[in-house]
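What follows is the content of my_file-v1.txt, which has compact mmCIF, N, CA and C atoms:
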```
# COMPACT_ATOMS: atom_id res chain seq x y z
N MET A 38 115.50 114.91 -10.00
CA MET A 38 115.14 116.19 -9.45
C MET A 38 113.63 116.20 -9.20
N LEU A 39 113.26 116.64 -8.03
CA LEU A 39 111.85 116.75 -7.65
C LEU A 39 111.48 118.22 -7.56
N GLU A 40 110.23 118.51 -7.92
CA GLU A 40 109.75 119.88 -7.82
C GLU A 40 108.33 119.85 -7.24
N PRO A 41 108.21 119.75 -5.87
CA PRO A 41 106.89 119.65 -5.25
C PRO A 41 105.99 120.85 -5.55
N VAL A 42 106.59 122.03 -5.59
CA VAL A 42 105.88 123.24 -6.01
C VAL A 42 106.78 123.96 -6.99
N ALA A 43 106.24 124.90 -7.73
CA ALA A 43 106.99 125.55 -8.80
C ALA A 43 108.28 126.22 -8.34
N SER A 44 108.34 126.70 -7.13
CA SER A 44 109.52 127.44 -6.67
C SER A 44 110.47 126.62 -5.80
N LEU A 45 110.16 125.34 -5.60
CA LEU A 45 110.98 124.49 -4.73
C LEU A 45 111.55 123.32 -5.53
N THR A 46 112.88 123.21 -5.52
CA THR A 46 113.56 122.13 -6.25
C THR A 46 114.37 121.30 -5.27
N ILE A 47 114.21 119.98 -5.34
CA ILE A 47 114.94 119.05 -4.49
C ILE A 47 115.73 118.10 -5.39
N THR A 48 117.06 118.06 -5.18
CA THR A 48 117.92 117.22 -6.02
C THR A 48 118.74 116.27 -5.15
N PRO A 49 118.38 114.98 -5.14
CA PRO A 49 119.18 114.01 -4.40
C PRO A 49 120.31 113.47 -5.28
N SER A 50 121.41 113.05 -4.64
CA SER A 50 122.49 112.41 -5.40
C SER A 50 123.28 111.49 -4.46
N VAL A 51 123.96 110.52 -5.06
CA VAL A 51 124.80 109.60 -4.31
C VAL A 51 126.07 109.35 -5.10
N TYR A 52 127.20 109.48 -4.42
CA TYR A 52 128.50 109.13 -5.00
C TYR A 52 128.97 107.87 -4.27
N PHE A 53 129.37 106.86 -5.03
CA PHE A 53 129.81 105.59 -4.45
C PHE A 53 131.13 105.19 -5.09
N GLN A 54 132.06 104.76 -4.25
CA GLN A 54 133.36 104.28 -4.76
C GLN A 54 133.81 103.10 -3.93
N ARG A 55 134.30 102.07 -4.60
CA ARG A 55 134.84 100.90 -3.91
C ARG A 55 136.11 100.47 -4.63
N GLN A 56 137.17 100.29 -3.86
CA GLN A 56 138.45 99.86 -4.42
C GLN A 56 138.94 98.65 -3.64
N HIS A 57 139.49 97.69 -4.36
CA HIS A 57 140.07 96.52 -3.72
C HIS A 57 141.43 96.24 -4.35
N ALA A 58 142.40 95.94 -3.52
CA ALA A 58 143.73 95.57 -3.99
C ALA A 58 144.12 94.26 -3.33
N GLN A 59 144.70 93.36 -4.11
CA GLN A 59 145.13 92.07 -3.57
C GLN A 59 146.37 92.20 -2.69
N ASP A 60 147.18 93.23 -2.95
CA ASP A 60 148.41 93.45 -2.20
C ASP A 60 148.83 94.90 -2.39
N VAL A 61 149.78 95.36 -1.60
CA VAL A 61 150.28 96.73 -1.75
C VAL A 61 151.18 96.81 -2.98
N SER A 62 151.25 97.98 -3.57
CA SER A 62 152.08 98.17 -4.76
C SER A 62 153.39 98.84 -4.37
N GLN A 63 154.20 98.10 -3.63
CA GLN A 63 155.50 98.62 -3.23
C GLN A 63 156.54 97.51 -3.38
N TYR A 64 157.77 97.90 -3.49
CA TYR A 64 158.85 96.92 -3.55
C TYR A 64 160.00 97.37 -2.67
N TRP A 65 160.86 96.45 -2.34
CA TRP A 65 162.02 96.74 -1.51
C TRP A 65 163.23 96.91 -2.42
N PRO A 66 163.79 98.10 -2.49
CA PRO A 66 164.92 98.38 -3.40
C PRO A 66 166.11 97.43 -3.21
N ARG A 67 166.41 97.03 -1.99
CA ARG A 67 167.57 96.15 -1.77
C ARG A 67 167.35 94.74 -2.29
N LEU A 68 166.09 94.33 -2.47
CA LEU A 68 165.79 93.00 -2.99
C LEU A 68 165.45 93.01 -4.47
N SER A 69 165.33 94.18 -5.05
CA SER A 69 164.82 94.33 -6.41
C SER A 69 165.91 94.82 -7.37
N ASP A 70 165.60 94.69 -8.66
CA ASP A 70 166.47 95.21 -9.72
C ASP A 70 165.57 95.89 -10.75
N PRO A 71 165.24 97.17 -10.53
CA PRO A 71 164.32 97.87 -11.44
C PRO A 71 164.82 97.91 -12.89
N SER A 72 166.13 97.92 -13.12
CA SER A 72 166.64 97.95 -14.50
C SER A 72 166.28 96.67 -15.25
N GLN A 73 166.06 95.59 -14.53
CA GLN A 73 165.63 94.31 -15.12
C GLN A 73 164.12 94.07 -14.95
N GLU A 74 163.44 95.11 -14.50
CA GLU A 74 162.00 95.04 -14.21
C GLU A 74 161.69 93.92 -13.22
N ARG A 75 162.53 93.78 -12.23
CA ARG A 75 162.36 92.78 -11.17
C ARG A 75 162.08 93.54 -9.88
N PHE A 76 160.85 93.46 -9.43
CA PHE A 76 160.42 94.18 -8.24
C PHE A 76 159.97 93.15 -7.20
N VAL A 77 160.64 93.16 -6.05
CA VAL A 77 160.40 92.15 -5.03
C VAL A 77 160.01 92.83 -3.71
N SER A 78 159.04 92.26 -3.06
CA SER A 78 158.65 92.73 -1.73
C SER A 78 159.20 91.75 -0.70
N GLY A 79 159.68 92.27 0.39
CA GLY A 79 160.18 91.43 1.47
C GLY A 79 159.11 90.98 2.44
N GLN A 80 157.88 91.37 2.17
CA GLN A 80 156.77 90.98 3.05
C GLN A 80 156.53 89.48 2.94
N LEU A 81 156.23 88.84 4.05
CA LEU A 81 155.94 87.41 4.05
C LEU A 81 154.49 87.11 3.67
N LEU A 82 153.61 88.06 3.95
CA LEU A 82 152.18 87.86 3.70
C LEU A 82 151.65 88.91 2.73
N ALA A 83 150.64 88.55 1.97
CA ALA A 83 149.94 89.53 1.14
C ALA A 83 149.22 90.51 2.06
N GLN A 84 149.05 91.75 1.59
CA GLN A 84 148.39 92.78 2.38
C GLN A 84 147.20 93.35 1.60
N PRO A 85 146.13 92.57 1.50
CA PRO A 85 144.97 93.05 0.75
C PRO A 85 144.27 94.21 1.47
N SER A 86 143.57 95.01 0.70
CA SER A 86 142.82 96.11 1.28
C SER A 86 141.56 96.36 0.46
N THR A 87 140.52 96.76 1.17
CA THR A 87 139.26 97.15 0.54
C THR A 87 138.84 98.48 1.17
N GLU A 88 138.49 99.41 0.30
CA GLU A 88 138.08 100.74 0.76
C GLU A 88 136.77 101.10 0.07
N GLN A 89 135.83 101.62 0.86
CA GLN A 89 134.52 101.99 0.31
C GLN A 89 134.11 103.36 0.82
N LEU A 90 133.56 104.15 -0.10
CA LEU A 90 133.11 105.50 0.21
C LEU A 90 131.71 105.68 -0.35
N VAL A 91 130.80 106.13 0.50
CA VAL A 91 129.43 106.46 0.08
C VAL A 91 129.16 107.90 0.53
N LEU A 92 128.73 108.73 -0.41
CA LEU A 92 128.49 110.15 -0.12
C LEU A 92 127.12 110.55 -0.68
N PRO A 93 126.04 110.35 0.11
CA PRO A 93 124.74 110.82 -0.33
C PRO A 93 124.59 112.31 -0.01
N SER A 94 123.86 113.01 -0.86
CA SER A 94 123.62 114.44 -0.60
C SER A 94 122.22 114.83 -1.07
N LEU A 95 121.75 115.92 -0.51
CA LEU A 95 120.43 116.44 -0.85
C LEU A 95 120.54 117.96 -1.00
N LYS A 96 120.26 118.43 -2.21
CA LYS A 96 120.28 119.87 -2.48
C LYS A 96 118.84 120.36 -2.57
N ILE A 97 118.55 121.41 -1.81
CA ILE A 97 117.21 122.01 -1.83
C ILE A 97 117.35 123.49 -2.18
N GLN A 98 116.57 123.90 -3.16
CA GLN A 98 116.58 125.31 -3.57
C GLN A 98 115.14 125.81 -3.60
N TRP A 99 114.92 126.90 -2.87
CA TRP A 99 113.58 127.47 -2.78
C TRP A 99 113.67 128.93 -3.23
N ASP A 100 113.08 129.20 -4.37
CA ASP A 100 113.07 130.56 -4.92
C ASP A 100 111.89 131.33 -4.31
N LEU A 101 112.24 132.35 -3.52
CA LEU A 101 111.24 133.18 -2.85
C LEU A 101 111.19 134.55 -3.52
N ASP A 102 110.20 135.36 -3.17
CA ASP A 102 110.07 136.70 -3.76
C ASP A 102 111.27 137.59 -3.41
N PHE A 103 111.82 137.43 -2.22
CA PHE A 103 112.89 138.31 -1.77
C PHE A 103 114.29 137.72 -1.95
N GLY A 104 114.39 136.47 -2.43
CA GLY A 104 115.71 135.84 -2.63
C GLY A 104 115.57 134.34 -2.77
N THR A 105 116.69 133.68 -2.75
CA THR A 105 116.72 132.22 -2.90
C THR A 105 117.34 131.59 -1.66
N LEU A 106 116.68 130.56 -1.16
CA LEU A 106 117.16 129.83 0.00
C LEU A 106 117.75 128.51 -0.48
N PHE A 107 119.02 128.24 -0.09
CA PHE A 107 119.71 127.03 -0.49
C PHE A 107 119.99 126.16 0.73
N SER A 108 119.96 124.87 0.53
CA SER A 108 120.45 123.92 1.52
C SER A 108 121.14 122.80 0.76
N ASN A 109 122.34 122.50 1.15
CA ASN A 109 123.08 121.39 0.54
C ASN A 109 123.62 120.56 1.69
N THR A 110 123.01 119.40 1.92
CA THR A 110 123.34 118.56 3.06
C THR A 110 123.91 117.23 2.57
N SER A 111 124.95 116.76 3.24
CA SER A 111 125.55 115.49 2.84
C SER A 111 126.05 114.75 4.06
N TYR A 112 126.37 113.49 3.84
CA TYR A 112 126.90 112.62 4.88
C TYR A 112 127.93 111.71 4.22
N ILE A 113 129.06 111.50 4.87
CA ILE A 113 130.08 110.62 4.30
C ILE A 113 130.21 109.36 5.15
N ASP A 114 130.25 108.23 4.48
CA ASP A 114 130.46 106.94 5.14
C ASP A 114 131.68 106.31 4.47
N HIS A 115 132.78 106.24 5.22
CA HIS A 115 134.04 105.76 4.67
C HIS A 115 134.55 104.60 5.52
N THR A 116 134.79 103.46 4.89
CA THR A 116 135.34 102.31 5.60
C THR A 116 136.57 101.80 4.86
N ARG A 117 137.51 101.28 5.63
CA ARG A 117 138.73 100.73 5.05
C ARG A 117 139.12 99.50 5.84
N ASP A 118 139.33 98.40 5.15
CA ASP A 118 139.73 97.15 5.77
C ASP A 118 141.09 96.76 5.18
N VAL A 119 142.11 96.68 6.03
CA VAL A 119 143.47 96.44 5.57
C VAL A 119 144.11 95.34 6.40
N THR A 120 144.85 94.47 5.74
CA THR A 120 145.69 93.50 6.42
C THR A 120 147.12 93.99 6.33
N GLY A 121 147.77 94.15 7.47
CA GLY A 121 149.14 94.64 7.48
C GLY A 121 150.11 93.55 7.94
N ASP A 122 151.20 93.39 7.21
CA ASP A 122 152.23 92.41 7.55
C ASP A 122 153.40 93.15 8.19
N TYR A 123 153.57 92.97 9.48
CA TYR A 123 154.68 93.59 10.21
C TYR A 123 155.68 92.53 10.68
N SER A 124 155.73 91.42 9.97
CA SER A 124 156.61 90.33 10.38
C SER A 124 158.09 90.67 10.20
N PHE A 125 158.39 91.71 9.45
CA PHE A 125 159.78 92.10 9.21
C PHE A 125 160.37 92.89 10.39
N ILE A 126 159.57 93.28 11.34
CA ILE A 126 160.04 94.06 12.49
C ILE A 126 160.71 93.14 13.49
N ASP A 127 161.91 93.47 13.87
CA ASP A 127 162.66 92.71 14.84
C ASP A 127 162.26 93.17 16.24
N THR A 128 161.48 92.35 16.93
CA THR A 128 160.98 92.74 18.25
C THR A 128 161.90 92.30 19.38
N GLU A 129 162.97 91.59 19.05
CA GLU A 129 163.85 91.08 20.09
C GLU A 129 165.08 91.96 20.31
N SER A 130 165.21 93.05 19.59
CA SER A 130 166.37 93.93 19.79
C SER A 130 166.09 94.98 20.81
```
Just dump the structure as structure tokens.
Amino acid sequence: MLEPVASLTITPSVYFQRQHAQDVSQYWPRLSDPSQERFVSGQLLAQPSTEQLVLPSLKIQWDLDFGTLFSNTSYIDHTRDVTGDYSFIDTES
């Protein structure tokens, strides 16, 4: 928190999140046996994904004689990289 003058407060912050998965967490019921804890995917390829979120923000508060002036400004940067396996789709029908 910064306070350039007694009545002005500036508070910067950043929220960052990154998630990576080696493959999707799904199974095909017709190929699996959940009662035996056997979960099988019919996908031929792994489907890794990486997702990243950055949310910087700046809060400014200025206490004046007649009231308080607020500003809360932010920007979101969200990226997602996914490999999708659609080899199970029959394109010849």
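Interatomic distance, CA of Glu40 (chain A) against CA of Leu90 (chain A): 28.6 Å.
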For Pro85 (chain A), the nearest of the candidates A:Ser111, A:Thr120, A:Thr105, A:Thr46, counting only N, CA and C atoms:
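Counting only N, CA and C atoms, the residue closest to Pro85 (chain A) is A:Thr120.
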Within 6.5 Å of Arg117 (chain A), counting all atoms listed in the file, which residues qualify if same-chain residues fewer than 5 places away don't, as a PDB file with N, CA and C atoms, keeping the file's coordinate frame?
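File selection.pdb, as written:
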```
ATOM      1  N   THR A  87     140.520  96.760   1.170  1.00  0.00           N
ATOM      2  CA  THR A  87     139.260  97.150   0.540  1.00  0.00           C
ATOM      3  C   THR A  87     138.840  98.480   1.170  1.00  0.00           C
ATOM      4  N   GLU A  88     138.490  99.410   0.300  1.00  0.00           N
ATOM      5  CA  GLU A  88     138.080 100.740   0.760  1.00  0.00           C
ATOM      6  C   GLU A  88     136.770 101.100   0.070  1.00  0.00           C
ATOM      7  N   GLN A  89     135.830 101.620   0.860  1.00  0.00           N
ATOM      8  CA  GLN A  89     134.520 101.990   0.310  1.00  0.00           C
ATOM      9  C   GLN A  89     134.110 103.360   0.820  1.00  0.00           C
TER      10      GLN A  89
END
```
Name the residues in contact with region 71-79 of chain A at a cut-off of 8 Å, using only N, CA and C atoms, excluding same-chain residues fewer than 5 positions from it; report them as a ChimeraX atom specification.
/A:63-66,124-125
Residue among A:Leu39, A:Leu45, A:Leu82, A:Ile113 lying closest to Gln98 (chain A), counting all atoms listed in the file:
A:Leu45
I need the helix (DSSP H, G or I) residues of chain A per DSSP on the backbone, written as an NGL selection string.
:A and (66-68 or 71-73)
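Pairwise distance (CA of Asp122 (chain A), CA of Ser62 (chain A)) equals 13.6 Å.
Here atom N of Thr116 (chain A) and atom C of Val61 (chain A) stand 19.4 Å from one another.
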What residues in chain A get the DSSP label strand (DSSP E)? Please answer as a tab-separated table (two decimals) with N, CA and C atoms, keeping the file's coordinate frame.
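Once everything was written out, this is states-v6.tsv:
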```
chain	number	residue	atom	x	y	z
A	39	LEU	N	113.26	116.64	-8.03
A	39	LEU	CA	111.85	116.75	-7.65
A	39	LEU	C	111.48	118.22	-7.56
A	40	GLU	N	110.23	118.51	-7.92
A	40	GLU	CA	109.75	119.88	-7.82
A	40	GLU	C	108.33	119.85	-7.24
A	41	PRO	N	108.21	119.75	-5.87
A	41	PRO	CA	106.89	119.65	-5.25
A	41	PRO	C	105.99	120.85	-5.55
A	42	VAL	N	106.59	122.03	-5.59
A	42	VAL	CA	105.88	123.24	-6.01
A	42	VAL	C	106.78	123.96	-6.99
A	45	LEU	N	110.16	125.34	-5.60
A	45	LEU	CA	110.98	124.49	-4.73
A	45	LEU	C	111.55	123.32	-5.53
A	46	THR	N	112.88	123.21	-5.52
A	46	THR	CA	113.56	122.13	-6.25
A	46	THR	C	114.37	121.30	-5.27
A	47	ILE	N	114.21	119.98	-5.34
A	47	ILE	CA	114.94	119.05	-4.49
A	47	ILE	C	115.73	118.10	-5.39
A	48	THR	N	117.06	118.06	-5.18
A	48	THR	CA	117.92	117.22	-6.02
A	48	THR	C	118.74	116.27	-5.15
A	49	PRO	N	118.38	114.98	-5.14
A	49	PRO	CA	119.18	114.01	-4.40
A	49	PRO	C	120.31	113.47	-5.28
A	50	SER	N	121.41	113.05	-4.64
A	50	SER	CA	122.49	112.41	-5.40
A	50	SER	C	123.28	111.49	-4.46
A	51	VAL	N	123.96	110.52	-5.06
A	51	VAL	CA	124.80	109.60	-4.31
A	51	VAL	C	126.07	109.35	-5.10
A	52	TYR	N	127.20	109.48	-4.42
A	52	TYR	CA	128.50	109.13	-5.00
A	52	TYR	C	128.97	107.87	-4.27
A	53	PHE	N	129.37	106.86	-5.03
A	53	PHE	CA	129.81	105.59	-4.45
A	53	PHE	C	131.13	105.19	-5.09
A	54	GLN	N	132.06	104.76	-4.25
A	54	GLN	CA	133.36	104.28	-4.76
A	54	GLN	C	133.81	103.10	-3.93
A	55	ARG	N	134.30	102.07	-4.60
A	55	ARG	CA	134.84	100.90	-3.91
A	55	ARG	C	136.11	100.47	-4.63
A	56	GLN	N	137.17	100.29	-3.86
A	56	GLN	CA	138.45	99.86	-4.42
A	56	GLN	C	138.94	98.65	-3.64
A	57	HIS	N	139.49	97.69	-4.36
A	57	HIS	CA	140.07	96.52	-3.72
A	57	HIS	C	141.43	96.24	-4.35
A	58	ALA	N	142.40	95.94	-3.52
A	58	ALA	CA	143.73	95.57	-3.99
A	58	ALA	C	144.12	94.26	-3.33
A	86	SER	N	143.57	95.01	0.70
A	86	SER	CA	142.82	96.11	1.28
A	86	SER	C	141.56	96.36	0.46
A	87	THR	N	140.52	96.76	1.17
A	87	THR	CA	139.26	97.15	0.54
A	87	THR	C	138.84	98.48	1.17
A	88	GLU	N	138.49	99.41	0.30
A	88	GLU	CA	138.08	100.74	0.76
A	88	GLU	C	136.77	101.10	0.07
A	89	GLN	N	135.83	101.62	0.86
A	89	GLN	CA	134.52	101.99	0.31
A	89	GLN	C	134.11	103.36	0.82
A	90	LEU	N	133.56	104.15	-0.10
A	90	LEU	CA	133.11	105.50	0.21
A	90	LEU	C	131.71	105.68	-0.35
A	91	VAL	N	130.80	106.13	0.50
A	91	VAL	CA	129.43	106.46	0.08
A	91	VAL	C	129.16	107.90	0.53
A	92	LEU	N	128.73	108.73	-0.41
A	92	LEU	CA	128.49	110.15	-0.12
A	92	LEU	C	127.12	110.55	-0.68
A	93	PRO	N	126.04	110.35	0.11
A	93	PRO	CA	124.74	110.82	-0.33
A	93	PRO	C	124.59	112.31	-0.01
A	94	SER	N	123.86	113.01	-0.86
A	94	SER	CA	123.62	114.44	-0.60
A	94	SER	C	122.22	114.83	-1.07
A	95	LEU	N	121.75	115.92	-0.51
A	95	LEU	CA	120.43	116.44	-0.85
A	95	LEU	C	120.54	117.96	-1.00
A	96	LYS	N	120.26	118.43	-2.21
A	96	LYS	CA	120.28	119.87	-2.48
A	96	LYS	C	118.84	120.36	-2.57
A	97	ILE	N	118.55	121.41	-1.81
A	97	ILE	CA	117.21	122.01	-1.83
A	97	ILE	C	117.35	123.49	-2.18
A	98	GLN	N	116.57	123.90	-3.16
A	98	GLN	CA	116.58	125.31	-3.57
A	98	GLN	C	115.14	125.81	-3.60
A	99	TRP	N	114.92	126.90	-2.87
A	99	TRP	CA	113.58	127.47	-2.78
A	99	TRP	C	113.67	128.93	-3.23
A	100	ASP	N	113.08	129.20	-4.37
A	100	ASP	CA	113.07	130.56	-4.92
A	100	ASP	C	111.89	131.33	-4.31
A	105	THR	N	116.69	133.68	-2.75
A	105	THR	CA	116.72	132.22	-2.90
A	105	THR	C	117.34	131.59	-1.66
A	106	LEU	N	116.68	130.56	-1.16
A	106	LEU	CA	117.16	129.83	0.00
A	106	LEU	C	117.75	128.51	-0.48
A	107	PHE	N	119.02	128.24	-0.09
A	107	PHE	CA	119.71	127.03	-0.49
A	107	PHE	C	119.99	126.16	0.73
A	108	SER	N	119.96	124.87	0.53
A	108	SER	CA	120.45	123.92	1.52
A	108	SER	C	121.14	122.80	0.76
A	109	ASN	N	122.34	122.50	1.15
A	109	ASN	CA	123.08	121.39	0.54
A	109	ASN	C	123.62	120.56	1.69
A	110	THR	N	123.01	119.40	1.92
A	110	THR	CA	123.34	118.56	3.06
A	110	THR	C	123.91	117.23	2.57
A	111	SER	N	124.95	116.76	3.24
A	111	SER	CA	125.55	115.49	2.84
A	111	SER	C	126.05	114.75	4.06
A	114	ASP	N	130.25	108.23	4.48
A	114	ASP	CA	130.46	106.94	5.14
A	114	ASP	C	131.68	106.31	4.47
A	115	HIS	N	132.78	106.24	5.22
A	115	HIS	CA	134.04	105.76	4.67
A	115	HIS	C	134.55	104.60	5.52
A	116	THR	N	134.79	103.46	4.89
A	116	THR	CA	135.34	102.31	5.60
A	116	THR	C	136.57	101.80	4.86
A	117	ARG	N	137.51	101.28	5.63
A	117	ARG	CA	138.73	100.73	5.05
A	117	ARG	C	139.12	99.50	5.84
A	118	ASP	N	139.33	98.40	5.15
A	118	ASP	CA	139.73	97.15	5.77
A	118	ASP	C	141.09	96.76	5.18
A	119	VAL	N	142.11	96.68	6.03
A	119	VAL	CA	143.47	96.44	5.57
A	119	VAL	C	144.11	95.34	6.40
```
With distances taken over only C-alpha atoms, which residue among A:Ser86, A:His115, A:Ile47, A:Met38 lies nearest Trp99 (chain A)?
A:Ile47
Contacts of Ser50 (chain A) at 7 Å (only C-alpha atoms; same-chain gap of 3+ positions) as a list in words:
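Answer for this query is Pro93, Ser94 and Leu95 of chain A.
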Taking every listed atom of region 62-71 of chain A and adding 3 Å to each side, what centre and edge lengths in Å (one decimal) does the axis-aligned box have, as JSON?
```
{"center_x": 159.4, "center_y": 95.9, "center_z": -7.2, "size_x": 22.3, "size_y": 11.8, "size_z": 17.4}
```
Choose the residue, out of A:Ser44, A:Leu68, A:Ala58, A:Gln84, that has the smallest atom-to-atom separation from Val119 (chain A); count only N, CA and C atoms.
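When distances to Val119 (chain A) are compared using only N, CA and C atoms, the smallest one comes from A:Gln84.
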Please rebuild region 83-94 of chain A with N, CA, C and O atoms and return the result as a JSON list (two decimals), in the coordinates of the input.
```
[["chain", "number", "residue", "atom", "x", "y", "z"],
["A", 83, "ALA", "N", 150.64, 88.55, 1.97],
["A", 83, "ALA", "CA", 149.94, 89.53, 1.14],
["A", 83, "ALA", "C", 149.22, 90.51, 2.06],
["A", 83, "ALA", "O", 148.84, 90.18, 3.18],
["A", 84, "GLN", "N", 149.05, 91.75, 1.59],
["A", 84, "GLN", "CA", 148.39, 92.78, 2.38],
["A", 84, "GLN", "C", 147.20, 93.35, 1.60],
["A", 84, "GLN", "O", 147.26, 94.46, 1.09],
["A", 85, "PRO", "N", 146.13, 92.57, 1.50],
["A", 85, "PRO", "CA", 144.97, 93.05, 0.75],
["A", 85, "PRO", "C", 144.27, 94.21, 1.47],
["A", 85, "PRO", "O", 144.37, 94.35, 2.69],
["A", 86, "SER", "N", 143.57, 95.01, 0.70],
["A", 86, "SER", "CA", 142.82, 96.11, 1.28],
["A", 86, "SER", "C", 141.56, 96.36, 0.46],
["A", 86, "SER", "O", 141.54, 96.17, -0.75],
["A", 87, "THR", "N", 140.52, 96.76, 1.17],
["A", 87, "THR", "CA", 139.26, 97.15, 0.54],
["A", 87, "THR", "C", 138.84, 98.48, 1.17],
["A", 87, "THR", "O", 138.86, 98.63, 2.38],
["A", 88, "GLU", "N", 138.49, 99.41, 0.30],
["A", 88, "GLU", "CA", 138.08, 100.74, 0.76],
["A", 88, "GLU", "C", 136.77, 101.10, 0.07],
["A", 88, "GLU", "O", 136.61, 100.89, -1.13],
["A", 89, "GLN", "N", 135.83, 101.62, 0.86],
["A", 89, "GLN", "CA", 134.52, 101.99, 0.31],
["A", 89, "GLN", "C", 134.11, 103.36, 0.82],
["A", 89, "GLN", "O", 134.28, 103.68, 1.98],
["A", 90, "LEU", "N", 133.56, 104.15, -0.10],
["A", 90, "LEU", "CA", 133.11, 105.50, 0.21],
["A", 90, "LEU", "C", 131.71, 105.68, -0.35],
["A", 90, "LEU", "O", 131.46, 105.39, -1.53],
["A", 91, "VAL", "N", 130.80, 106.13, 0.50],
["A", 91, "VAL", "CA", 129.43, 106.46, 0.08],
["A", 91, "VAL", "C", 129.16, 107.90, 0.53],
["A", 91, "VAL", "O", 129.36, 108.24, 1.70],
["A", 92, "LEU", "N", 128.73, 108.73, -0.41],
["A", 92, "LEU", "CA", 128.49, 110.15, -0.12],
["A", 92, "LEU", "C", 127.12, 110.55, -0.68],
["A", 92, "LEU", "O", 127.00, 111.01, -1.80],
["A", 93, "PRO", "N", 126.04, 110.35, 0.11],
["A", 93, "PRO", "CA", 124.74, 110.82, -0.33],
["A", 93, "PRO", "C", 124.59, 112.31, -0.01],
["A", 93, "PRO", "O", 125.15, 112.81, 0.97],
["A", 94, "SER", "N", 123.86, 113.01, -0.86],
["A", 94, "SER", "CA", 123.62, 114.44, -0.60],
["A", 94, "SER", "C", 122.22, 114.83, -1.07],
["A", 94, "SER", "O", 121.61, 114.16, -1.91]]
```
